[in-house]
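Engineer: Below: one structure in structure tokens.
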Amino acid sequence: KTGEGIDELLENILVVAELEDLKANPSAPASGYVIEGERDPGRGPVATLLLNRGTLHKGDVVLGGTAYGRVRAMLDYTGERVKDAGPGDPAEILGLSGVPEAGTRFEVVDHERNARDRAQQAEAALRRQELAEQGGTRRTLEELLGEGGTEDLNLVVKADVAGSVEALKEALSRLSSDEVRVNIVRSGVGALTDSDVMLASASDGILLGFNVRPTNTAKQVAER
């Protein structure tokens with residue numbers, strides 16, 4: 001945050017890279033990490049990628065966690081449209097099915113069907129994990145208040161940008177105390193959906209949206 005030690009860090013990285021002869025292969029299929037994701041009202045899901053291997057081209061099929069799609073447009077760090085990006089380059093891409101989480105590893109795959117199948121498998125695994133963490137028991141708020149000891153406050157957190165989600169999760173987790181334990185059962189980017197409402201209902205939780213709104217279907221499900 002203060003910039004202290006950055007120059008020394010960069011110098012050490014360059015020295016180690018030279019001594020170890022560390023080089024990226026620009027001819028390999030592109031891969032790297034998602035450093036930010038958001039749902040833009042006009043452009044849809046937008047992901048900022050940092051490549052550490054290969055070259056990413058416009059038209060490539062990208063898979064990143066539960067999100068996939070063909071790169072419809074690509075922009076460099078100045079906002080200019082580009083047709084490709086190489087190792088070490090940051091690139092903002094459009095055309096994904098959803099917003100990938102920051103820190104997710106991405107890769108280029110051969111076929112969009114393969115990417116879709118793997119993304120669906122990742123989505124199913126995530127949902128199974130969420131359900132397993134709920135423990136299958138439901139209690140009313142009155143029961144929670146009457147039990148004494150530590151109460152669980154289950155939250156579903158959605159925001160417009162992945163970085164905001166991470167910041168909210170960290171801030172909310174710090175609110176835990178001896179009386180109340182904050183438990184985030186789901187977090188993500190985008191509008192509050194009917195599946196978010198169902199999960200909050202099943203876990204006796206609360207929905208929190210930051211710079212996002214619930215869908216019409218979510219409102220109807222919540223009222224029911």
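Letters A, B, ... go to the chains of the structure tokens in the order shown; residues in each chain start at 1; ligands are counted from 1 in the same order.
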Please run DSSP on the backbone and report, as a ChimeraX atom specification, all residues within stretch 14-198 of chain A that come out as strand (DSSP E or B).

Structural biologist: /A:29,31-40,44-53,55-57,61-64,67-75,81,84-85,90-96,105-109,151-159,161,180-189,192

Engineer: Of the candidates A:Arg127, A:Leu75, A:Ser97, A:Arg39, which shows the shortest atom-to-atom distance to A:Ala159, using only C-alpha atoms?

Structural biologist: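 Under the stated criterion, the closest residue is A:Arg39.
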
Engineer: Return as a count of residues only the full set of residues in stretch 55-209 of chain A whose backbone-based DSSP assignment is helix (DSSP H, G or I).

Structural biologist: 51

Engineer: Stretch 62-74 of chain A: which residues within 7 Å, counting only C-alpha atoms, same-chain residues fewer than 5 positions away excluded, as a PyMOL selection string?

Structural biologist: chain A and resi 81-83+91-100+104-109+112+115-116+119-120+122-123

Engineer: Would you mind listing, for every residue of stretch 10-89 of chain A within 12 Å of stretch 182-198 of chain A, the two atoms forming the shortest contact and the distance between them in Å to one decimal, using only C-alpha atoms, sorted by chain and ascending residue number, as a tab-separated table?

Structural biologist:
```
residue	atom	partner	partner_atom	distance
A:Glu36	CA	A:Val189	CA	10.7
A:Gly37	CA	A:Val189	CA	7.8
A:Glu38	CA	A:Val189	CA	6.5
A:Arg39	CA	A:Gly190	CA	6.0
A:Asp40	CA	A:Gly190	CA	9.1
A:Pro41	CA	A:Gly190	CA	9.9
A:Gly44	CA	A:Gly190	CA	9.8
A:Pro45	CA	A:Gly190	CA	8.8
A:Val46	CA	A:Val189	CA	10.7
A:Ala47	CA	A:Val189	CA	11.3
A:Thr66	CA	A:Gly188	CA	11.3
A:Ala67	CA	A:Val189	CA	11.7
```

Engineer: Quick one: distance from atom CA of A:Gln121 to atom CA of A:Leu168 in Å, one decimal?

Structural biologist: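 Distance between the two atoms: 27.2 Å.
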
Engineer: Could you tell me how far atom CA of A:Val34 sits from atom CA of A:Val165, in Å to one decimal place?

Structural biologist: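 Interatomic distance here is 14.4 Å.
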
Engineer: For A:Ser177, which of A:Ser164, A:Glu223, A:Asn25, A:Glu151 is the closest residue, counting only C-alpha atoms?

Structural biologist: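 Smallest separation from A:Ser177 among the options: A:Glu151.
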
Engineer: Using Å and a single decimal, report how far atom CA of A:Ala30 sits from atom CA of A:Asn52.

Structural biologist: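 Pair atom CA of A:Asn52 / atom CA of A:Ala30 returns 7.9 Å.
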
Engineer: How close does each residue of stretch 54-142 of chain A get to stretch 17-24 of chain A, giving the shortest atom pair and distance in Å to one decimal for every residue with an atom at most 12 Å away, counting only C-alpha atoms, sorted by chain and residue number, as JSON lines?

Structural biologist:
```
{"residue": "A:Gly54", "atom": "CA", "partner": "A:Ala24", "partner_atom": "CA", "distance": 7.2}
{"residue": "A:Thr55", "atom": "CA", "partner": "A:Ala24", "partner_atom": "CA", "distance": 10.0}
{"residue": "A:Gly86", "atom": "CA", "partner": "A:Ala24", "partner_atom": "CA", "distance": 9.2}
{"residue": "A:Pro87", "atom": "CA", "partner": "A:Ala24", "partner_atom": "CA", "distance": 6.3}
{"residue": "A:Gly88", "atom": "CA", "partner": "A:Ala24", "partner_atom": "CA", "distance": 8.6}
{"residue": "A:Asp89", "atom": "CA", "partner": "A:Ala24", "partner_atom": "CA", "distance": 11.6}
```

Engineer: Selected residues, all heavy atoms, written as a JSON list (two decimals), in the first residue's frame, please.

Structural biologist:
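And here is the file that came out, result19.json:
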```
[["chain", "number", "residue", "atom", "x", "y", "z"],
["A", 54, "GLY", "N", 1.76, -18.56, -23.10],
["A", 54, "GLY", "CA", 1.04, -18.59, -24.35],
["A", 54, "GLY", "C", 0.54, -17.23, -24.81],
["A", 54, "GLY", "O", 0.78, -16.20, -24.17],
["A", 55, "THR", "N", -0.18, -17.22, -25.92],
["A", 55, "THR", "CA", -0.75, -16.01, -26.49],
["A", 55, "THR", "C", -2.26, -16.19, -26.67],
["A", 55, "THR", "O", -2.70, -17.18, -27.24],
["A", 55, "THR", "CB", -0.11, -15.69, -27.86],
["A", 55, "THR", "OG1", 1.30, -15.51, -27.68],
["A", 55, "THR", "CG2", -0.70, -14.43, -28.46],
["A", 86, "GLY", "N", 0.13, -11.48, -25.09],
["A", 86, "GLY", "CA", 1.15, -12.49, -24.82],
["A", 86, "GLY", "C", 1.49, -12.61, -23.34],
["A", 86, "GLY", "O", 0.86, -11.97, -22.49],
["A", 87, "PRO", "N", 2.49, -13.43, -23.01],
["A", 87, "PRO", "CA", 2.90, -13.64, -21.61],
["A", 87, "PRO", "C", 3.23, -12.32, -20.91],
["A", 87, "PRO", "O", 3.94, -11.48, -21.46],
["A", 87, "PRO", "CB", 4.14, -14.53, -21.74],
["A", 87, "PRO", "CG", 3.98, -15.22, -23.05],
["A", 87, "PRO", "CD", 3.30, -14.23, -23.94],
["A", 88, "GLY", "N", 2.68, -12.15, -19.72],
["A", 88, "GLY", "CA", 2.92, -10.95, -18.95],
["A", 88, "GLY", "C", 1.95, -9.83, -19.24],
["A", 88, "GLY", "O", 1.95, -8.81, -18.55],
["A", 89, "ASP", "N", 1.12, -10.00, -20.26],
["A", 89, "ASP", "CA", 0.18, -8.94, -20.64],
["A", 89, "ASP", "C", -1.14, -9.08, -19.88],
["A", 89, "ASP", "O", -1.68, -10.18, -19.78],
["A", 89, "ASP", "CB", -0.13, -8.99, -22.14],
["A", 89, "ASP", "CG", 1.04, -8.56, -22.99],
["A", 89, "ASP", "OD1", 1.93, -7.87, -22.45],
["A", 89, "ASP", "OD2", 1.07, -8.90, -24.18]]
```

Engineer: Hey, which of A:Ser27, A:Ala102, A:Ala85, A:Gly79 ends up closest to A:Ala162? Count only C-alpha atoms.

Structural biologist: A:Ala102

Engineer: Show me, as a list of chain:residue names, the residues that have an atom within 6 Å of stretch 200-213 of chain A when counting only C-alpha atoms, minus same-chain residues fewer than 4 positions from it.

Structural biologist: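 Contacts, with the query itself left out: A:Asn154, A:Leu155, A:Val156, A:Val157, A:Lys158, A:Ala159, A:Asp160, A:Ala191.
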
Engineer: Taking only C-alpha atoms into account, which of A:Pro214, A:Pro26, A:Gly59, A:Gly32 comes nearest A:Gly103?

Structural biologist: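 Among the listed residues, the smallest separation from A:Gly103 belongs to A:Gly32.
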